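Enquirer: Next comes work-v3.cif, mmCIF, C-alpha atoms:
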data_target
#
loop_
_atom_site.group_PDB
_atom_site.id
_atom_site.type_symbol
_atom_site.label_atom_id
_atom_site.label_comp_id
_atom_site.auth_asym_id
_atom_site.auth_seq_id
_atom_site.Cartn_x
_atom_site.Cartn_y
_atom_site.Cartn_z
ATOM 1 C CA MET A 15 -22.493 -21.358 35.762
ATOM 2 C CA GLU A 16 -19.133 -22.664 34.598
ATOM 3 C CA THR A 17 -18.655 -24.787 31.560
ATOM 4 C CA GLN A 18 -16.761 -28.017 31.940
ATOM 5 C CA GLY A 19 -13.101 -27.913 31.080
ATOM 6 C CA ALA A 20 -12.862 -24.088 31.164
ATOM 7 C CA ILE A 21 -9.761 -22.992 33.033
ATOM 8 C CA HIS A 22 -9.873 -19.503 34.495
ATOM 9 C CA GLN A 23 -6.433 -17.974 35.073
ATOM 10 C CA GLU A 24 -5.600 -14.675 36.692
ATOM 11 C CA PRO A 25 -3.351 -12.405 34.632
ATOM 12 C CA ALA A 26 0.326 -12.372 35.600
ATOM 13 C CA CYS A 27 1.378 -8.752 36.035
ATOM 14 C CA ASP A 28 4.891 -7.537 35.342
ATOM 15 C CA ALA A 29 5.760 -4.335 37.207
ATOM 16 C CA THR A 30 8.892 -3.673 35.143
ATOM 17 C CA ARG A 31 6.986 -3.638 31.839
ATOM 18 C CA ASN A 32 3.902 -1.953 33.313
ATOM 19 C CA SER A 33 1.648 -4.537 31.663
ATOM 20 C CA CYS A 34 -0.098 -7.830 32.321
ATOM 21 C CA LEU A 35 0.148 -11.100 30.460
ATOM 22 C CA ILE A 36 -2.840 -13.401 30.037
ATOM 23 C CA ARG A 37 -1.631 -16.974 29.708
ATOM 24 C CA PRO A 38 -3.245 -19.481 27.365
ATOM 25 C CA GLY A 39 -6.182 -21.483 28.584
ATOM 26 C CA ASN A 40 -8.865 -23.184 26.547
ATOM 27 C CA PHE A 41 -8.741 -20.320 24.018
ATOM 28 C CA GLY A 42 -5.749 -21.558 22.064
ATOM 29 C CA ASN A 43 -2.015 -21.163 22.438
ATOM 30 C CA TYR A 44 -1.520 -17.421 22.399
ATOM 31 C CA GLU A 45 -0.615 -14.717 24.834
ATOM 32 C CA MET A 46 -2.123 -11.253 25.008
ATOM 33 C CA ARG A 47 -0.484 -8.205 26.579
ATOM 34 C CA ILE A 48 -2.740 -5.666 28.255
ATOM 35 C CA PRO A 49 -1.174 -2.257 28.899
ATOM 36 C CA GLY A 50 -0.816 -1.227 32.509
ATOM 37 C CA ALA A 51 -2.572 2.065 31.810
ATOM 38 C CA LEU A 52 -5.848 0.167 31.656
ATOM 39 C CA TYR A 53 -5.338 -0.884 35.263
ATOM 40 C CA ALA A 54 -4.287 2.551 36.493
ATOM 41 C CA ALA A 55 -6.699 4.155 38.924
ATOM 42 C CA ARG A 56 -5.806 7.666 37.782
ATOM 43 C CA GLY A 57 -4.452 9.181 34.600
ATOM 44 C CA ARG A 58 -1.172 10.966 34.192
ATOM 45 C CA ALA A 59 -0.658 14.024 36.364
ATOM 46 C CA PRO A 60 -0.679 17.345 34.484
ATOM 47 C CA GLN A 61 2.699 18.834 33.706
ATOM 48 C CA SER A 62 3.768 21.780 35.820
ATOM 49 C CA GLU A 63 4.099 25.098 33.998
ATOM 50 C CA LYS A 64 7.265 25.812 35.983
ATOM 51 C CA ASP A 65 9.005 22.860 34.346
ATOM 52 C CA VAL A 66 8.285 24.173 30.815
ATOM 53 C CA PRO A 67 8.994 27.904 30.483
ATOM 54 C CA PHE A 68 7.230 29.847 27.715
ATOM 55 C CA GLN A 69 9.465 30.779 24.779
ATOM 56 C CA GLU A 70 8.152 33.350 22.333
ATOM 57 C CA ILE A 71 9.152 32.132 18.877
ATOM 58 C CA LEU A 72 7.018 34.547 16.858
ATOM 59 C CA PRO A 73 5.711 37.904 18.083
ATOM 60 C CA LEU A 74 2.338 37.639 19.810
ATOM 61 C CA ARG A 75 0.543 40.184 17.672
ATOM 62 C CA LEU A 76 -1.333 40.123 14.400
ATOM 63 C CA LYS A 77 0.227 41.123 11.119
ATOM 64 C CA ASN A 78 -0.951 44.307 9.433
ATOM 65 C CA SER A 79 -2.154 42.441 6.348
ATOM 66 C CA VAL A 80 -4.017 39.310 5.334
ATOM 67 C CA SER A 81 -3.392 37.046 2.369
ATOM 68 C CA GLY A 82 -5.886 36.594 -0.428
ATOM 69 C CA LYS A 83 -5.697 32.803 -0.430
ATOM 70 C CA ALA A 84 -9.033 32.235 1.286
ATOM 71 C CA ASP A 85 -10.930 34.434 -1.182
ATOM 72 C CA SER A 86 -9.956 32.248 -4.109
ATOM 73 C CA GLY A 87 -12.218 29.418 -2.900
ATOM 74 C CA ASN A 88 -14.501 27.438 -5.131
ATOM 75 C CA ASP A 89 -17.838 29.114 -5.708
ATOM 76 C CA VAL A 90 -20.534 26.601 -6.476
ATOM 77 C CA ALA A 91 -23.456 28.243 -8.203
ATOM 78 C CA CYS A 92 -26.919 26.768 -8.737
ATOM 79 C CA LEU A 93 -26.083 23.329 -7.409
ATOM 80 C CA GLN A 94 -29.722 22.458 -6.703
ATOM 81 C CA GLU A 95 -30.858 23.445 -10.196
ATOM 82 C CA MET A 96 -27.979 21.541 -11.760
ATOM 83 C CA GLY A 97 -28.927 18.395 -9.821
ATOM 84 C CA VAL A 98 -32.562 18.668 -10.947
ATOM 85 C CA LEU A 99 -31.435 19.186 -14.543
ATOM 86 C CA PHE A 100 -29.156 16.140 -14.518
ATOM 87 C CA ALA A 101 -31.883 13.997 -12.936
ATOM 88 C CA CYS A 102 -34.300 15.047 -15.668
ATOM 89 C CA LEU A 103 -31.750 14.352 -18.391
ATOM 90 C CA LYS A 104 -30.983 10.944 -16.911
ATOM 91 C CA ASP A 105 -34.686 10.026 -16.733
ATOM 92 C CA ASN A 106 -35.209 11.114 -20.354
ATOM 93 C CA GLU A 107 -32.057 9.448 -21.708
ATOM 94 C CA PHE A 108 -30.297 12.813 -22.178
ATOM 95 C CA VAL A 109 -32.811 14.217 -24.657
ATOM 96 C CA GLU A 110 -32.838 17.962 -24.004
ATOM 97 C CA LYS A 111 -36.235 18.732 -25.523
ATOM 98 C CA TYR A 112 -38.008 16.938 -22.632
ATOM 99 C CA CYS A 113 -36.201 19.027 -19.974
ATOM 100 C CA HIS A 114 -36.869 22.545 -21.284
ATOM 101 C CA LYS A 115 -38.236 23.800 -17.921
ATOM 102 C CA GLU A 116 -35.187 22.580 -15.951
ATOM 103 C CA ILE A 117 -32.756 24.017 -18.509
ATOM 104 C CA SER A 118 -34.422 27.432 -18.356
ATOM 105 C CA GLN A 119 -34.398 27.387 -14.507
ATOM 106 C CA PHE A 120 -30.700 26.549 -14.494
ATOM 107 C CA SER A 121 -29.939 29.260 -17.069
ATOM 108 C CA ASN A 122 -31.854 31.896 -15.070
ATOM 109 C CA CYS A 123 -30.114 30.899 -11.852
ATOM 110 C CA TYR A 124 -26.676 31.081 -13.466
ATOM 111 C CA LYS A 125 -27.469 34.465 -15.038
ATOM 112 C CA CYS A 126 -28.521 35.864 -11.634
ATOM 113 C CA TYR A 127 -25.365 34.428 -10.052
ATOM 114 C CA MET A 128 -23.113 36.043 -12.653
ATOM 115 C CA ASP A 129 -24.919 39.411 -12.262
ATOM 116 C CA ARG A 130 -24.418 39.334 -8.467
ATOM 117 C CA LYS A 131 -20.775 38.372 -8.894
ATOM 118 C CA PHE A 132 -20.219 41.193 -11.381
ATOM 119 C CA GLU A 133 -21.821 43.758 -9.036
ATOM 120 C CA ALA A 134 -19.724 42.550 -6.094
ATOM 121 C CA LYS A 135 -16.554 42.791 -8.175
ATOM 122 C CA LYS A 136 -17.510 46.281 -9.313
ATOM 123 C CA THR A 137 -17.961 47.527 -5.740
ATOM 124 C CA VAL A 138 -14.627 45.976 -4.716
ATOM 125 C CA ASN A 139 -12.794 47.623 -7.606
ATOM 126 C CA GLN A 140 -14.334 51.014 -6.761
ATOM 127 C CA GLY A 141 -12.978 50.693 -3.233
ATOM 128 C CA ILE A 142 -16.372 50.998 -1.593
ATOM 129 C CA VAL A 143 -16.185 49.475 1.886
ATOM 130 C CA GLN A 144 -19.494 48.599 3.489
ATOM 131 C CA PRO A 145 -19.050 48.169 7.246
ATOM 132 C CA GLY A 146 -20.613 45.089 8.777
ATOM 133 C CA SER A 147 -20.582 43.050 5.595
ATOM 134 C CA ASN A 148 -18.216 40.305 4.506
ATOM 135 C CA LEU A 149 -15.009 42.017 3.491
ATOM 136 C CA ASN A 150 -12.530 40.573 1.071
ATOM 137 C CA TYR A 151 -8.770 40.674 1.631
ATOM 138 C CA LYS A 152 -8.225 43.967 -0.205
ATOM 139 C CA GLN A 153 -10.809 45.757 1.937
ATOM 140 C CA LEU A 154 -9.396 44.218 5.121
ATOM 141 C CA ASN A 155 -5.882 45.327 4.186
ATOM 142 C CA LYS A 156 -7.201 48.845 3.583
ATOM 143 C CA TYR A 157 -8.709 48.918 7.096
ATOM 144 C CA MET A 158 -5.567 47.491 8.632
ATOM 145 C CA ARG A 159 -3.376 50.127 6.970
ATOM 146 C CA ARG A 160 -5.657 52.761 8.446
ATOM 147 C CA TYR A 161 -5.456 51.222 11.964
ATOM 148 C CA PRO A 162 -2.117 49.368 12.258
ATOM 149 C CA ASN A 163 -1.056 47.302 15.261
ATOM 150 C CA PRO A 164 1.344 49.084 17.613
ATOM 151 C CA VAL A 165 4.904 47.808 17.533
#
Once you've parsed the file, please lay out its structure as structure tokens.
Expert:
Amino acid sequence: METQGAIHQEPACDATRNSCLIRPGNFGNYEMRIPGALYAARGRAPQSEKDVPFQEILPLRLKNSVSGKADSGNDVACLQEMGVLFACLKDNEFVEKYCHKEISQFSNCYKCYMDRKFEAKKTVNQGIVQPGSNLNYKQLNKYMRRYPNPV
């Protein structure tokens, strides 16, 4: 069903610009360009590998060391306990005596976290390498010195 006064116009396509122009009708005095890619039946053909030869810029082998940047990430300890503690403090208008249980849970969690961190640091400083576990950059570099990449 057509409404009265509605003028339907076909888009005028321009082959040189690879786009179509919709002329104004009852929708106001404006023109809208539609890219020709929307009318294309197929996408762009893949580029041939013969046209683009491979150029080796850097050597295609791993280095014999890793940096320690990733190990200096942010450790977030006891986030759940901290959230519970802050919720309790907010509900009790930041009066600590009403949140004794939450404070003690957070303190215990943080103490356990620091103990684990201390033990992990102690094993790293002793040079103990446990195969199959998460290795830090010093332990990885030790392995890589033992088994270097061939040149």
Enquirer: Selection in question (the file shown): the PyMOL selection byres ((chain A and resi 163) around 9). Which residues does it include, as a list in words?
Expert: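 Written out, the selection comes to Arg75, Leu76, Lys77, Asn78, Met158, Tyr161, Pro162, Pro164 and Val165 of chain A.
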Enquirer: Please write as a VMD selection string the full residue list that the PyMOL selection byres ((chain A and resi 151) around 10) yields on this file.
Expert: chain A and resid 79 to 85 148 to 150 152 to 157
Enquirer: One number please: atom CA of A:Cys113 to atom CA of A:Leu93, in Å, one decimal.
Expert: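 Those two atoms sit 16.7 Å apart.
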Enquirer: In Å, how far is it from atom CA of A:Gly97 to atom CA of A:Phe120?
Expert: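 So the two atoms, atom CA of A:Gly97 and atom CA of A:Phe120, lie 9.6 Å apart.
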Enquirer: Give me the residues near A:Cys102 as a list of chain:residue names, where near means some atom within 12 Å (using all atoms listed in the file) and where sequence neighbours in that chain fewer than 5 positions away do not count.
Expert: A:Glu95, A:Met96, A:Gly97, A:Glu107, A:Phe108, A:Val109, A:Glu110, A:Lys111, A:Tyr112, A:Cys113, A:His114, A:Lys115, A:Glu116, A:Ile117
Enquirer: Report, in Å to a single decimal, how far apart atom CA of A:Phe132 and atom CA of A:Phe100 are.
Expert: 26.8 Å
Enquirer: Point out the residue among A:Val98, A:Glu133, A:Pro60, A:Gly146 with the least atom-to-atom distance to A:Gln119, counting all atoms listed in the file.
Expert: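 Between A:Val98, A:Glu133, A:Pro60, A:Gly146, the residue approaching A:Gln119 most closely is A:Val98.
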Enquirer: Once 6 Å is added on each side, what centre and edge lengths in Å to one decimal does the axis-aligned box around all listed atoms of stretch 121-130 of chain A have, as JSON?
Expert:
{"center_x": -27.5, "center_y": 34.3, "center_z": -12.8, "size_x": 20.7, "size_y": 22.2, "size_z": 20.6}
